[in-house]
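Read through the structure below, which is laid out as structure tokens, and then see the notes.
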Amino acid sequence: MTNSVSTGRERVQEMLERAVAEMGVPGIVAEVHDDDGRWFGSAGVADIATGRPRQEGEYLHVGSAGKAFTAAALLRLEADGRLSIDDPVEKRLPGALNVNGYDGKRITIRHLLGNTGGLFPTGLAPELARRYATRSAFDTHRLAAWTTDELLELAVSQPPVHEPGTAFTYSNGGYHLAGLIIEKVTGSSYEEEVERTVIEPLGLRNTYVRPAEDTGYPEPHPRAYTGLFLKEGADPTDVTSENWPSMLEDPGLPLLDTTEFNTSWVWAAGNVVSTTAEITRAFQALTTGGLLPPAQHRAMWTMVPTEGGNWLPHSAYGLGVFGLDEAVTGGLPLRGMAGSVHGSHLFVVGTADGEQTITVHTNIECTSWDIIFRAVEARFGLPPVEGV
């Protein structure tokens, strides 16, 4: 192992330890792939109560990194001649978008996958907030499953935020529609199609889409924790971009264990379970073109700016994947997949050839973008990115 490689891995380990010591992360792991092979590091604990450490091979909820699986499944269907990603939603789901100011004839599958269709940010839907925004509400609803009909209703429950194709706004609702299109075109379940088109071809034996009724994980897995709640009695509909800090509960309260939790509300927007090794393998296949034909590969990695769209700063978004602005990477082209749900945050960032990667998981959800940029800085020797 070269000194430069050793130094780089030392920087990553230092970043992991700072995340635990300074950023309130219970436990964190990182898997690095480089010219000298694979390295795995960890800090903190998998279980606060027992002190059990994090370990390799844990089953992890990958959150919205699973959007890349949905996009890849649809792109595979396009390659097979069963649809075009430029088909309007109306052609595949007649009437599904003709409510609340939406127009299914003007919003395409490509818009759904690229978050450019104008759908409002689903995470801000009042019904979702009422179920999960306070500790008491979360405990009441944590094991309840969502149906696809409920998810479709949620996706269009608020009016559009812009005209189709004119801007980027991150929205899970577009991916719920994408999942329904997969089912309508194939006659199979979304879960079966992701298995057929992505998981099986890549040989991902420890990766699956969570069934709607699932509330746990196979062993080994870390416990999941969150402390991001509104004060008891707060009305989520009263939260604004100005007043939200004052409506959060006391930061001194203990973290809530969210391990037993039904995440069917994210469904086709990111309800995949995997490991650091297998999500790295999936990223490598997607970034190099190892899974999709050339036309579909180019479509996946054709980016639009994300500024102002409720997503990672200094980035551009493709179809379920992202690229970092080369102005903050020193000209190094870096791509990635990322996601977060209650008690879990995962991201993988790497070079376009898939040979240099870092995959990180924390058993607490993303509360800032800081960890992503600190990890990228440590892994690739970049100067600090300010204001993230």
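Within each chain, counting starts at residue 1; across the structure tokens, chains are named A, B, ... in the order shown, with ligands numbered 1 upward in that order.
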Counting only C-alpha atoms, what are the residues of segment 139-187 of chain A within 6 Å of segment 249-272 of chain A, and for each of them which pair of atoms is the nearest and at what distance in Å, to one decimal? Sort the table by chain and rising number, as JSON lines.
{"residue": "A:Arg142", "atom": "CA", "partner": "A:Phe261", "partner_atom": "CA", "distance": 5.0}
{"residue": "A:Leu143", "atom": "CA", "partner": "A:Asn262", "partner_atom": "CA", "distance": 4.9}
{"residue": "A:Ala145", "atom": "CA", "partner": "A:Ser264", "partner_atom": "CA", "distance": 5.8}
{"residue": "A:Trp146", "atom": "CA", "partner": "A:Trp265", "partner_atom": "CA", "distance": 5.6}
{"residue": "A:Asn172", "atom": "CA", "partner": "A:Ala269", "partner_atom": "CA", "distance": 5.3}
{"residue": "A:Tyr175", "atom": "CA", "partner": "A:Ala269", "partner_atom": "CA", "distance": 4.9}
{"residue": "A:His176", "atom": "CA", "partner": "A:Ala268", "partner_atom": "CA", "distance": 5.4}
{"residue": "A:Gly179", "atom": "CA", "partner": "A:Ala268", "partner_atom": "CA", "distance": 5.3}
Selection from above, C-alpha atoms, as a PDB file, in the first residue's frame, can you write it?
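Saved file result-v5.pdb follows:
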ATOM      1  CA  ARG A 142     -44.611   3.655  12.481  1.00  0.00           C
ATOM      2  CA  LEU A 143     -45.852   0.156  11.608  1.00  0.00           C
ATOM      3  CA  ALA A 145     -48.269   0.252   5.550  1.00  0.00           C
ATOM      4  CA  TRP A 146     -49.117   2.578   2.664  1.00  0.00           C
ATOM      5  CA  ASN A 172     -40.791  11.279  -4.316  1.00  0.00           C
ATOM      6  CA  TYR A 175     -41.081   8.012  -8.527  1.00  0.00           C
ATOM      7  CA  HIS A 176     -44.322   6.601  -7.158  1.00  0.00           C
ATOM      8  CA  GLY A 179     -43.355   2.553 -10.073  1.00  0.00           C
TER       9      GLY A 179
END
Query raised in the report: Could you pull out all residues of segment 114-281 of chain A with a DSSP call of strand (DSSP E or B) and give them as a VMD selection string?
Result: chain A and resid 208 to 209 225 to 226 230 248 256 to 257 272 to 274
Report task. Based on DSSP run over this structure's backbone, return all residues of segment 220-331 of chain A in helix (DSSP H, G or I), as a PyMOL selection string. Result -> chain A and resi 236-238+244-247+267-269+276-288+294-300
For segment 17-96 of chain A versus segment 202-215 of chain A, which residues have an atom no more than 12 Å away, and what is each residue's nearest atom pair and distance in Å rounded to one decimal, using only C-alpha atoms, chain-then-number order, as JSON lines?
{"residue": "A:Gly57", "atom": "CA", "partner": "A:Asn206", "partner_atom": "CA", "distance": 8.9}
{"residue": "A:Glu58", "atom": "CA", "partner": "A:Asn206", "partner_atom": "CA", "distance": 9.5}
{"residue": "A:Tyr59", "atom": "CA", "partner": "A:Asn206", "partner_atom": "CA", "distance": 7.6}
{"residue": "A:Leu60", "atom": "CA", "partner": "A:Thr207", "partner_atom": "CA", "distance": 9.2}
{"residue": "A:His61", "atom": "CA", "partner": "A:Arg210", "partner_atom": "CA", "distance": 9.1}
{"residue": "A:Val62", "atom": "CA", "partner": "A:Thr207", "partner_atom": "CA", "distance": 10.0}
{"residue": "A:Gly63", "atom": "CA", "partner": "A:Val209", "partner_atom": "CA", "distance": 10.8}
{"residue": "A:Ala65", "atom": "CA", "partner": "A:Val209", "partner_atom": "CA", "distance": 12.0}
{"residue": "A:Gly66", "atom": "CA", "partner": "A:Val209", "partner_atom": "CA", "distance": 8.7}
{"residue": "A:Lys67", "atom": "CA", "partner": "A:Val209", "partner_atom": "CA", "distance": 11.3}
{"residue": "A:Phe69", "atom": "CA", "partner": "A:Val209", "partner_atom": "CA", "distance": 9.6}
{"residue": "A:Thr70", "atom": "CA", "partner": "A:Val209", "partner_atom": "CA", "distance": 10.4}
{"residue": "A:Ala72", "atom": "CA", "partner": "A:Leu202", "partner_atom": "CA", "distance": 11.9}
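Look at Leu292 of chain A: the protein and nucleic acid residues within 10 Å of it, using only C-alpha atoms and passing over chain neighbours fewer than 5 places away, are Ala72, Ala73, Leu75, Arg76, Ala79, Thr197, Val198, Ala285, Leu286, Thr287, His297, Arg298 and Met300 of chain A.
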Query raised in the report: How far is it from atom CA of Gly330 of chain A to atom CA of Gly41 of chain A, in Å with one decimal?
Result: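 Distance between the two atoms: 25.4 Å.
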Query raised in the report: What lies within 12 Å of Glu14 of chain A using only C-alpha atoms, ignoring chain neighbours under 3 positions off, as a PyMOL selection string?
Result: chain A and resi 7-11+17-22+28-30+41-43+374-375+377-379
Query raised in the report: In Å to one decimal, how far is atom CA of Met247 of chain A from atom CA of Glu232 of chain A?
Result: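 That distance, rounded to one decimal, is 9.3 Å.
When only C-alpha atoms are used to measure the gap to Leu128 of chain A, the shortest distance among A:Leu74, A:Leu151, A:Ile109, A:Ile182 belongs to A:Leu151.
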